[in-house]
Amino acid sequence: MTKGGPVNASETLATYMYRFGFVRFELGYGSAVAIYMFVLCLIFSLIYQRLTRQPDYLTGL
């Protein structure tokens, strides 16, 4: 809604990727930002799964 706000203060990584990939037509850089976002989300989700995993009493894991 603010298009990045004053001096890009409210710009998120997703809007940054959109701006470079589709507005400025720098598709390679936009794709690199998308891959970075994917890896970051994957790492956070794996850590979350490890921390919240319940012990399985049937298999002993």
# chains A, B, ... in the order shown; residues from 1 in each chain; ligands from 1
>>> residues_around(residues="stretch 7-18 of chain A", least_positions_apart="3", cutoff="10 Å", atoms="only C-alpha atoms", output="MDAnalysis selection string")
chainID A and resid 1:4 21:27 29:34 36:37
>>> write_last_selection(atoms="all heavy atoms", output="compact mmCIF listing (two decimals), in the first residue's frame")
# COMPACT_ATOMS: atom_id res chain seq x y z
N MET A 1 0.82 -1.19 0.00
CA MET A 1 0.00 0.00 0.00
C MET A 1 0.86 1.26 0.00
O MET A 1 0.49 2.25 -0.60
CB MET A 1 -0.92 0.00 1.21
CG MET A 1 -1.99 -1.09 1.12
SD MET A 1 -2.99 -1.32 2.59
CE MET A 1 -3.48 0.32 3.01
N THR A 2 2.02 1.22 0.66
CA THR A 2 2.87 2.41 0.71
C THR A 2 3.97 2.37 -0.33
O THR A 2 4.77 3.28 -0.42
CB THR A 2 3.52 2.55 2.10
OG1 THR A 2 4.37 1.43 2.32
CG2 THR A 2 2.47 2.64 3.19
N LYS A 3 4.05 1.27 -1.10
CA LYS A 3 5.10 1.08 -2.11
C LYS A 3 6.48 1.22 -1.50
O LYS A 3 7.38 1.84 -2.06
CB LYS A 3 4.91 2.05 -3.27
CG LYS A 3 3.64 1.81 -4.04
CD LYS A 3 3.53 2.71 -5.22
CE LYS A 3 2.20 2.44 -5.93
NZ LYS A 3 1.99 3.35 -7.03
N GLY A 4 6.68 0.66 -0.32
CA GLY A 4 7.98 0.71 0.32
C GLY A 4 8.10 1.80 1.35
O GLY A 4 9.05 1.82 2.11
N GLY A 21 11.78 -8.44 -9.81
CA GLY A 21 11.45 -9.44 -10.81
C GLY A 21 10.48 -8.97 -11.87
O GLY A 21 10.66 -9.26 -13.04
N PHE A 22 9.44 -8.23 -11.47
CA PHE A 22 8.38 -7.90 -12.41
C PHE A 22 8.31 -6.43 -12.79
O PHE A 22 7.90 -6.11 -13.89
CB PHE A 22 7.03 -8.35 -11.84
CG PHE A 22 6.95 -9.84 -11.67
CD1 PHE A 22 6.93 -10.39 -10.40
CD2 PHE A 22 6.89 -10.67 -12.76
CE1 PHE A 22 6.87 -11.76 -10.22
CE2 PHE A 22 6.83 -12.05 -12.59
CZ PHE A 22 6.82 -12.59 -11.33
N VAL A 23 8.68 -5.55 -11.89
CA VAL A 23 8.60 -4.12 -12.21
C VAL A 23 9.84 -3.67 -12.97
O VAL A 23 9.75 -3.02 -14.01
CB VAL A 23 8.39 -3.29 -10.92
CG1 VAL A 23 8.42 -1.81 -11.22
CG2 VAL A 23 7.09 -3.68 -10.25
N ARG A 24 11.01 -4.06 -12.47
CA ARG A 24 12.27 -3.66 -13.12
C ARG A 24 12.78 -4.67 -14.14
O ARG A 24 13.79 -4.46 -14.77
CB ARG A 24 13.33 -3.42 -12.05
CG ARG A 24 12.98 -2.26 -11.13
CD ARG A 24 13.93 -2.08 -10.01
NE ARG A 24 15.26 -1.74 -10.48
CZ ARG A 24 16.28 -1.47 -9.70
NH1 ARG A 24 16.12 -1.50 -8.40
NH2 ARG A 24 17.45 -1.19 -10.20
N PHE A 25 12.07 -5.80 -14.29
CA PHE A 25 12.38 -6.86 -15.25
C PHE A 25 13.78 -7.43 -15.09
O PHE A 25 14.42 -7.82 -16.06
CB PHE A 25 12.17 -6.39 -16.69
CG PHE A 25 10.74 -6.07 -17.00
CD1 PHE A 25 10.33 -4.76 -17.18
CD2 PHE A 25 9.80 -7.09 -17.08
CE1 PHE A 25 9.02 -4.47 -17.44
CE2 PHE A 25 8.48 -6.80 -17.35
CZ PHE A 25 8.09 -5.49 -17.53
N GLU A 26 14.27 -7.48 -13.85
CA GLU A 26 15.52 -8.16 -13.55
C GLU A 26 15.16 -9.54 -13.01
O GLU A 26 15.18 -9.79 -11.81
CB GLU A 26 16.34 -7.35 -12.56
CG GLU A 26 16.79 -6.01 -13.11
CD GLU A 26 17.65 -5.24 -12.14
OE1 GLU A 26 18.21 -5.85 -11.22
OE2 GLU A 26 17.73 -4.01 -12.31
N LEU A 27 14.83 -10.43 -13.93
CA LEU A 27 14.27 -11.73 -13.55
C LEU A 27 15.28 -12.60 -12.83
O LEU A 27 14.91 -13.37 -11.94
CB LEU A 27 13.73 -12.43 -14.79
CG LEU A 27 12.60 -11.70 -15.51
CD1 LEU A 27 12.20 -12.46 -16.76
CD2 LEU A 27 11.43 -11.49 -14.60
N TYR A 29 17.76 -11.64 -10.80
CA TYR A 29 17.90 -11.17 -9.42
C TYR A 29 16.64 -11.48 -8.61
O TYR A 29 16.72 -11.89 -7.45
CB TYR A 29 18.20 -9.68 -9.40
CG TYR A 29 18.57 -9.16 -8.04
CD1 TYR A 29 19.81 -9.42 -7.50
CD2 TYR A 29 17.67 -8.42 -7.29
CE1 TYR A 29 20.16 -8.96 -6.25
CE2 TYR A 29 18.00 -7.95 -6.03
CZ TYR A 29 19.24 -8.22 -5.52
OH TYR A 29 19.58 -7.78 -4.28
N GLY A 30 15.48 -11.31 -9.24
CA GLY A 30 14.23 -11.65 -8.56
C GLY A 30 14.16 -13.13 -8.23
O GLY A 30 13.69 -13.52 -7.16
N SER A 31 14.65 -13.97 -9.14
CA SER A 31 14.68 -15.41 -8.88
C SER A 31 15.65 -15.76 -7.76
O SER A 31 15.38 -16.65 -6.96
CB SER A 31 15.08 -16.16 -10.15
OG SER A 31 14.13 -15.96 -11.16
N ALA A 32 16.77 -15.07 -7.71
CA ALA A 32 17.73 -15.31 -6.63
C ALA A 32 17.14 -14.94 -5.28
O ALA A 32 17.34 -15.66 -4.29
CB ALA A 32 19.02 -14.52 -6.89
N VAL A 33 16.39 -13.87 -5.22
CA VAL A 33 15.72 -13.48 -3.98
C VAL A 33 14.67 -14.52 -3.61
O VAL A 33 14.53 -14.87 -2.43
CB VAL A 33 15.11 -12.07 -4.10
CG1 VAL A 33 14.27 -11.72 -2.89
CG2 VAL A 33 16.19 -11.03 -4.31
N ALA A 34 13.97 -15.06 -4.60
CA ALA A 34 12.96 -16.09 -4.33
C ALA A 34 13.61 -17.36 -3.78
O ALA A 34 13.07 -17.98 -2.85
CB ALA A 34 12.18 -16.40 -5.60
N TYR A 36 16.43 -17.48 -2.13
CA TYR A 36 16.86 -17.13 -0.77
C TYR A 36 15.68 -17.22 0.20
O TYR A 36 15.82 -17.76 1.30
CB TYR A 36 17.46 -15.73 -0.77
CG TYR A 36 17.84 -15.24 0.60
CD1 TYR A 36 18.98 -15.72 1.23
CD2 TYR A 36 17.05 -14.32 1.27
CE1 TYR A 36 19.33 -15.29 2.49
CE2 TYR A 36 17.39 -13.88 2.53
CZ TYR A 36 18.53 -14.36 3.14
OH TYR A 36 18.87 -13.94 4.39
N MET A 37 14.52 -16.73 -0.21
CA MET A 37 13.33 -16.81 0.64
C MET A 37 12.94 -18.26 0.89
O MET A 37 12.56 -18.62 2.00
CB MET A 37 12.16 -16.06 -0.01
CG MET A 37 12.23 -14.58 0.08
SD MET A 37 10.89 -13.75 -0.78
CE MET A 37 9.45 -14.53 -0.12
>>> select_by_dssp(residues="chain A", states="helix (DSSP H, G or I)", output="short mmCIF file (atom, residue, chain, number, x, y, z; two decimals) with all heavy atoms, in the first residue's frame")
data_model
loop_
_atom_site.label_atom_id
_atom_site.label_comp_id
_atom_site.auth_asym_id
_atom_site.auth_seq_id
_atom_site.Cartn_x
_atom_site.Cartn_y
_atom_site.Cartn_z
N PRO A 6 8.57 5.57 3.13
CA PRO A 6 9.67 6.53 2.97
C PRO A 6 11.02 5.81 3.00
O PRO A 6 11.33 5.09 3.95
CB PRO A 6 9.50 7.47 4.17
CG PRO A 6 8.69 6.71 5.15
CD PRO A 6 7.86 5.74 4.38
N VAL A 7 11.75 5.94 1.95
CA VAL A 7 13.08 5.35 1.79
C VAL A 7 13.05 3.83 2.00
O VAL A 7 13.88 3.25 2.67
CB VAL A 7 14.11 6.03 2.73
CG1 VAL A 7 15.53 5.64 2.34
CG2 VAL A 7 13.96 7.52 2.76
N ASN A 8 12.03 3.17 1.45
CA ASN A 8 11.87 1.71 1.50
C ASN A 8 11.85 1.16 2.93
O ASN A 8 12.30 0.04 3.17
CB ASN A 8 12.95 1.02 0.68
CG ASN A 8 12.89 1.40 -0.77
OD1 ASN A 8 11.81 1.62 -1.31
ND2 ASN A 8 14.03 1.49 -1.42
N LEU A 13 10.68 -8.64 2.09
CA LEU A 13 11.46 -9.40 1.12
C LEU A 13 10.60 -9.80 -0.08
O LEU A 13 11.09 -9.84 -1.21
CB LEU A 13 12.06 -10.63 1.79
CG LEU A 13 13.22 -11.31 1.11
CD1 LEU A 13 14.36 -10.33 0.86
CD2 LEU A 13 13.73 -12.45 1.96
N ALA A 14 9.33 -10.07 0.15
CA ALA A 14 8.44 -10.45 -0.95
C ALA A 14 8.18 -9.27 -1.89
O ALA A 14 8.19 -9.44 -3.12
CB ALA A 14 7.12 -10.97 -0.39
N THR A 15 7.96 -8.08 -1.35
CA THR A 15 7.75 -6.93 -2.22
C THR A 15 9.05 -6.53 -2.93
O THR A 15 9.02 -6.04 -4.05
CB THR A 15 7.20 -5.72 -1.44
OG1 THR A 15 8.09 -5.37 -0.40
CG2 THR A 15 5.84 -6.04 -0.86
N TYR A 16 10.18 -6.76 -2.28
CA TYR A 16 11.48 -6.52 -2.89
C TYR A 16 11.67 -7.44 -4.09
O TYR A 16 12.09 -7.02 -5.17
CB TYR A 16 12.57 -6.74 -1.84
CG TYR A 16 13.97 -6.44 -2.28
CD1 TYR A 16 14.42 -5.14 -2.39
CD2 TYR A 16 14.85 -7.48 -2.57
CE1 TYR A 16 15.72 -4.87 -2.77
CE2 TYR A 16 16.15 -7.23 -2.96
CZ TYR A 16 16.58 -5.92 -3.06
OH TYR A 16 17.87 -5.65 -3.45
N MET A 17 11.32 -8.72 -3.92
CA MET A 17 11.42 -9.69 -5.00
C MET A 17 10.48 -9.30 -6.15
O MET A 17 10.87 -9.36 -7.32
CB MET A 17 11.07 -11.08 -4.49
CG MET A 17 11.02 -12.12 -5.57
SD MET A 17 10.31 -13.68 -5.03
CE MET A 17 8.65 -13.21 -4.64
N TYR A 18 9.27 -8.91 -5.83
CA TYR A 18 8.31 -8.51 -6.86
C TYR A 18 8.81 -7.29 -7.63
O TYR A 18 8.71 -7.24 -8.85
CB TYR A 18 6.96 -8.22 -6.22
CG TYR A 18 5.94 -7.72 -7.20
CD1 TYR A 18 5.26 -8.60 -8.02
CD2 TYR A 18 5.66 -6.36 -7.32
CE1 TYR A 18 4.33 -8.16 -8.94
CE2 TYR A 18 4.75 -5.90 -8.23
CZ TYR A 18 4.08 -6.80 -9.04
OH TYR A 18 3.18 -6.34 -9.95
N ARG A 19 9.34 -6.32 -6.91
CA ARG A 19 9.81 -5.10 -7.57
C ARG A 19 10.94 -5.39 -8.54
O ARG A 19 10.95 -4.89 -9.67
CB ARG A 19 10.27 -4.07 -6.52
CG ARG A 19 10.66 -2.74 -7.13
CD ARG A 19 10.83 -1.65 -6.09
NE ARG A 19 11.62 -2.04 -4.95
CZ ARG A 19 12.93 -1.79 -4.84
NH1 ARG A 19 13.57 -1.19 -5.80
NH2 ARG A 19 13.57 -2.15 -3.77
N PHE A 20 11.90 -6.19 -8.12
CA PHE A 20 13.02 -6.49 -9.01
C PHE A 20 12.62 -7.46 -10.12
O PHE A 20 13.09 -7.32 -11.25
CB PHE A 20 14.21 -7.06 -8.23
CG PHE A 20 15.11 -6.00 -7.69
CD1 PHE A 20 14.94 -5.50 -6.43
CD2 PHE A 20 16.12 -5.49 -8.47
CE1 PHE A 20 15.76 -4.52 -5.93
CE2 PHE A 20 16.96 -4.50 -8.00
CZ PHE A 20 16.77 -4.01 -6.73
N GLY A 21 11.78 -8.44 -9.81
CA GLY A 21 11.45 -9.44 -10.81
C GLY A 21 10.48 -8.97 -11.87
O GLY A 21 10.66 -9.26 -13.04
N PHE A 22 9.44 -8.23 -11.47
CA PHE A 22 8.38 -7.90 -12.41
C PHE A 22 8.31 -6.43 -12.79
O PHE A 22 7.90 -6.11 -13.89
CB PHE A 22 7.03 -8.35 -11.84
CG PHE A 22 6.95 -9.84 -11.67
CD1 PHE A 22 6.93 -10.39 -10.40
CD2 PHE A 22 6.89 -10.67 -12.76
CE1 PHE A 22 6.87 -11.76 -10.22
CE2 PHE A 22 6.83 -12.05 -12.59
CZ PHE A 22 6.82 -12.59 -11.33
N VAL A 23 8.68 -5.55 -11.89
CA VAL A 23 8.60 -4.12 -12.21
C VAL A 23 9.84 -3.67 -12.97
O VAL A 23 9.75 -3.02 -14.01
CB VAL A 23 8.39 -3.29 -10.92
CG1 VAL A 23 8.42 -1.81 -11.22
CG2 VAL A 23 7.09 -3.68 -10.25
N LEU A 27 14.83 -10.43 -13.93
CA LEU A 27 14.27 -11.73 -13.55
C LEU A 27 15.28 -12.60 -12.83
O LEU A 27 14.91 -13.37 -11.94
CB LEU A 27 13.73 -12.43 -14.79
CG LEU A 27 12.60 -11.70 -15.51
CD1 LEU A 27 12.20 -12.46 -16.76
CD2 LEU A 27 11.43 -11.49 -14.60
N GLY A 28 16.54 -12.52 -13.19
CA GLY A 28 17.55 -13.33 -12.52
C GLY A 28 17.71 -12.93 -11.06
O GLY A 28 17.79 -13.80 -10.18
N TYR A 29 17.76 -11.64 -10.80
CA TYR A 29 17.90 -11.17 -9.42
C TYR A 29 16.64 -11.48 -8.61
O TYR A 29 16.72 -11.89 -7.45
CB TYR A 29 18.20 -9.68 -9.40
CG TYR A 29 18.57 -9.16 -8.04
CD1 TYR A 29 19.81 -9.42 -7.50
CD2 TYR A 29 17.67 -8.42 -7.29
CE1 TYR A 29 20.16 -8.96 -6.25
CE2 TYR A 29 18.00 -7.95 -6.03
CZ TYR A 29 19.24 -8.22 -5.52
OH TYR A 29 19.58 -7.78 -4.28
N GLY A 30 15.48 -11.31 -9.24
CA GLY A 30 14.23 -11.65 -8.56
C GLY A 30 14.16 -13.13 -8.23
O GLY A 30 13.69 -13.52 -7.16
N SER A 31 14.65 -13.97 -9.14
CA SER A 31 14.68 -15.41 -8.88
C SER A 31 15.65 -15.76 -7.76
O SER A 31 15.38 -16.65 -6.96
CB SER A 31 15.08 -16.16 -10.15
OG SER A 31 14.13 -15.96 -11.16
N ALA A 32 16.77 -15.07 -7.71
CA ALA A 32 17.73 -15.31 -6.63
C ALA A 32 17.14 -14.94 -5.28
O ALA A 32 17.34 -15.66 -4.29
CB ALA A 32 19.02 -14.52 -6.89
N VAL A 33 16.39 -13.87 -5.22
CA VAL A 33 15.72 -13.48 -3.98
C VAL A 33 14.67 -14.52 -3.61
O VAL A 33 14.53 -14.87 -2.43
CB VAL A 33 15.11 -12.07 -4.10
CG1 VAL A 33 14.27 -11.72 -2.89
CG2 VAL A 33 16.19 -11.03 -4.31
N ALA A 34 13.97 -15.06 -4.60
CA ALA A 34 12.96 -16.09 -4.33
C ALA A 34 13.61 -17.36 -3.78
O ALA A 34 13.07 -17.98 -2.85
CB ALA A 34 12.18 -16.40 -5.60
N ILE A 35 14.75 -17.74 -4.32
CA ILE A 35 15.44 -18.93 -3.82
C ILE A 35 15.93 -18.68 -2.40
O ILE A 35 15.85 -19.56 -1.53
CB ILE A 35 16.60 -19.31 -4.76
CG1 ILE A 35 16.03 -19.83 -6.08
CG2 ILE A 35 17.52 -20.34 -4.13
CD1 ILE A 35 17.05 -20.04 -7.15
N TYR A 36 16.43 -17.48 -2.13
CA TYR A 36 16.86 -17.13 -0.77
C TYR A 36 15.68 -17.22 0.20
O TYR A 36 15.82 -17.76 1.30
CB TYR A 36 17.46 -15.73 -0.77
CG TYR A 36 17.84 -15.24 0.60
CD1 TYR A 36 18.98 -15.72 1.23
CD2 TYR A 36 17.05 -14.32 1.27
CE1 TYR A 36 19.33 -15.29 2.49
CE2 TYR A 36 17.39 -13.88 2.53
CZ TYR A 36 18.53 -14.36 3.14
OH TYR A 36 18.87 -13.94 4.39
N MET A 37 14.52 -16.73 -0.21
CA MET A 37 13.33 -16.81 0.64
C MET A 37 12.94 -18.26 0.89
O MET A 37 12.56 -18.62 2.00
CB MET A 37 12.16 -16.06 -0.01
CG MET A 37 12.23 -14.58 0.08
SD MET A 37 10.89 -13.75 -0.78
CE MET A 37 9.45 -14.53 -0.12
N PHE A 38 13.04 -19.10 -0.15
CA PHE A 38 12.69 -20.51 0.00
C PHE A 38 13.62 -21.19 0.99
O PHE A 38 13.17 -21.92 1.87
CB PHE A 38 12.75 -21.21 -1.36
CG PHE A 38 12.59 -22.69 -1.26
CD1 PHE A 38 11.35 -23.25 -1.02
CD2 PHE A 38 13.67 -23.53 -1.41
CE1 PHE A 38 11.18 -24.62 -0.91
CE2 PHE A 38 13.53 -24.90 -1.31
CZ PHE A 38 12.28 -25.44 -1.06
N VAL A 39 14.92 -20.96 0.85
CA VAL A 39 15.89 -21.60 1.76
C VAL A 39 15.68 -21.12 3.18
O VAL A 39 15.73 -21.91 4.13
CB VAL A 39 17.33 -21.34 1.27
CG1 VAL A 39 18.35 -21.77 2.29
CG2 VAL A 39 17.57 -22.05 -0.05
N LEU A 40 15.43 -19.84 3.36
CA LEU A 40 15.19 -19.28 4.69
C LEU A 40 13.95 -19.90 5.33
O LEU A 40 13.98 -20.31 6.49
CB LEU A 40 15.04 -17.76 4.59
CG LEU A 40 15.05 -16.97 5.86
CD1 LEU A 40 16.41 -17.07 6.53
CD2 LEU A 40 14.72 -15.53 5.57
N CYS A 41 12.87 -20.03 4.57
CA CYS A 41 11.65 -20.65 5.10
C CYS A 41 11.87 -22.13 5.39
O CYS A 41 11.36 -22.65 6.38
CB CYS A 41 10.51 -20.48 4.11
SG CYS A 41 9.91 -18.80 3.98
N LEU A 42 12.63 -22.81 4.55
CA LEU A 42 12.91 -24.23 4.77
C LEU A 42 13.70 -24.43 6.05
O LEU A 42 13.38 -25.32 6.86
CB LEU A 42 13.69 -24.79 3.58
CG LEU A 42 14.05 -26.27 3.66
CD1 LEU A 42 12.79 -27.12 3.60
CD2 LEU A 42 15.02 -26.63 2.57
N ILE A 43 14.69 -23.60 6.30
CA ILE A 43 15.50 -23.72 7.52
C ILE A 43 14.64 -23.46 8.75
O ILE A 43 14.69 -24.22 9.72
CB ILE A 43 16.71 -22.76 7.46
CG1 ILE A 43 17.71 -23.25 6.43
CG2 ILE A 43 17.36 -22.61 8.82
CD1 ILE A 43 18.82 -22.27 6.12
N PHE A 44 13.84 -22.41 8.71
CA PHE A 44 12.98 -22.12 9.85
C PHE A 44 11.97 -23.23 10.10
O PHE A 44 11.69 -23.58 11.24
CB PHE A 44 12.25 -20.79 9.68
CG PHE A 44 13.09 -19.61 10.02
CD1 PHE A 44 13.18 -18.54 9.16
CD2 PHE A 44 13.80 -19.55 11.20
CE1 PHE A 44 13.95 -17.43 9.46
CE2 PHE A 44 14.58 -18.46 11.52
CZ PHE A 44 14.65 -17.40 10.65
N SER A 45 11.41 -23.80 9.04
CA SER A 45 10.42 -24.86 9.23
C SER A 45 11.07 -26.13 9.77
O SER A 45 10.47 -26.83 10.60
CB SER A 45 9.68 -25.15 7.93
OG SER A 45 10.56 -25.69 6.97
N LEU A 46 12.29 -26.46 9.34
CA LEU A 46 12.97 -27.64 9.88
C LEU A 46 13.32 -27.46 11.36
O LEU A 46 13.17 -28.39 12.15
CB LEU A 46 14.23 -27.94 9.07
CG LEU A 46 13.99 -28.46 7.65
CD1 LEU A 46 15.32 -28.61 6.92
CD2 LEU A 46 13.22 -29.75 7.67
N ILE A 47 13.77 -26.27 11.72
CA ILE A 47 14.06 -25.99 13.13
C ILE A 47 12.78 -26.07 13.95
O ILE A 47 12.77 -26.66 15.04
CB ILE A 47 14.73 -24.61 13.28
CG1 ILE A 47 16.14 -24.65 12.70
CG2 ILE A 47 14.77 -24.16 14.73
CD1 ILE A 47 16.80 -23.30 12.60
N TYR A 48 11.70 -25.54 13.44
CA TYR A 48 10.42 -25.58 14.16
C TYR A 48 9.95 -27.02 14.35
O TYR A 48 9.46 -27.38 15.43
CB TYR A 48 9.37 -24.77 13.40
CG TYR A 48 8.02 -24.80 14.04
CD1 TYR A 48 7.76 -24.03 15.17
CD2 TYR A 48 7.00 -25.58 13.54
CE1 TYR A 48 6.52 -24.06 15.78
CE2 TYR A 48 5.76 -25.62 14.13
CZ TYR A 48 5.53 -24.85 15.26
OH TYR A 48 4.30 -24.89 15.85
N GLN A 49 10.09 -27.83 13.32
CA GLN A 49 9.69 -29.23 13.44
C GLN A 49 10.53 -29.97 14.47
O GLN A 49 10.02 -30.79 15.22
CB GLN A 49 9.80 -29.94 12.09
CG GLN A 49 8.71 -29.60 11.14
CD GLN A 49 8.87 -30.34 9.82
OE1 GLN A 49 9.89 -30.97 9.56
NE2 GLN A 49 7.85 -30.26 8.99
N ARG A 50 11.81 -29.69 14.52
CA ARG A 50 12.68 -30.35 15.50
C ARG A 50 12.32 -29.93 16.93
O ARG A 50 12.36 -30.75 17.84
CB ARG A 50 14.15 -30.00 15.24
CG ARG A 50 14.70 -30.55 13.97
CD ARG A 50 14.93 -32.02 14.09
NE ARG A 50 15.46 -32.50 12.83
CZ ARG A 50 15.79 -33.73 12.61
NH1 ARG A 50 15.66 -34.63 13.56
NH2 ARG A 50 16.23 -34.11 11.44
N LEU A 51 11.99 -28.67 17.11
CA LEU A 51 11.69 -28.17 18.45
C LEU A 51 10.31 -28.60 18.95
O LEU A 51 10.11 -28.72 20.17
CB LEU A 51 11.80 -26.65 18.48
CG LEU A 51 13.20 -26.08 18.30
CD1 LEU A 51 13.15 -24.56 18.26
CD2 LEU A 51 14.12 -26.56 19.40
N THR A 52 9.38 -28.82 18.07
CA THR A 52 8.03 -29.15 18.49
C THR A 52 7.67 -30.61 18.29
O THR A 52 6.52 -30.99 18.48
CB THR A 52 7.00 -28.29 17.73
OG1 THR A 52 7.12 -28.55 16.34
CG2 THR A 52 7.21 -26.82 18.04
#
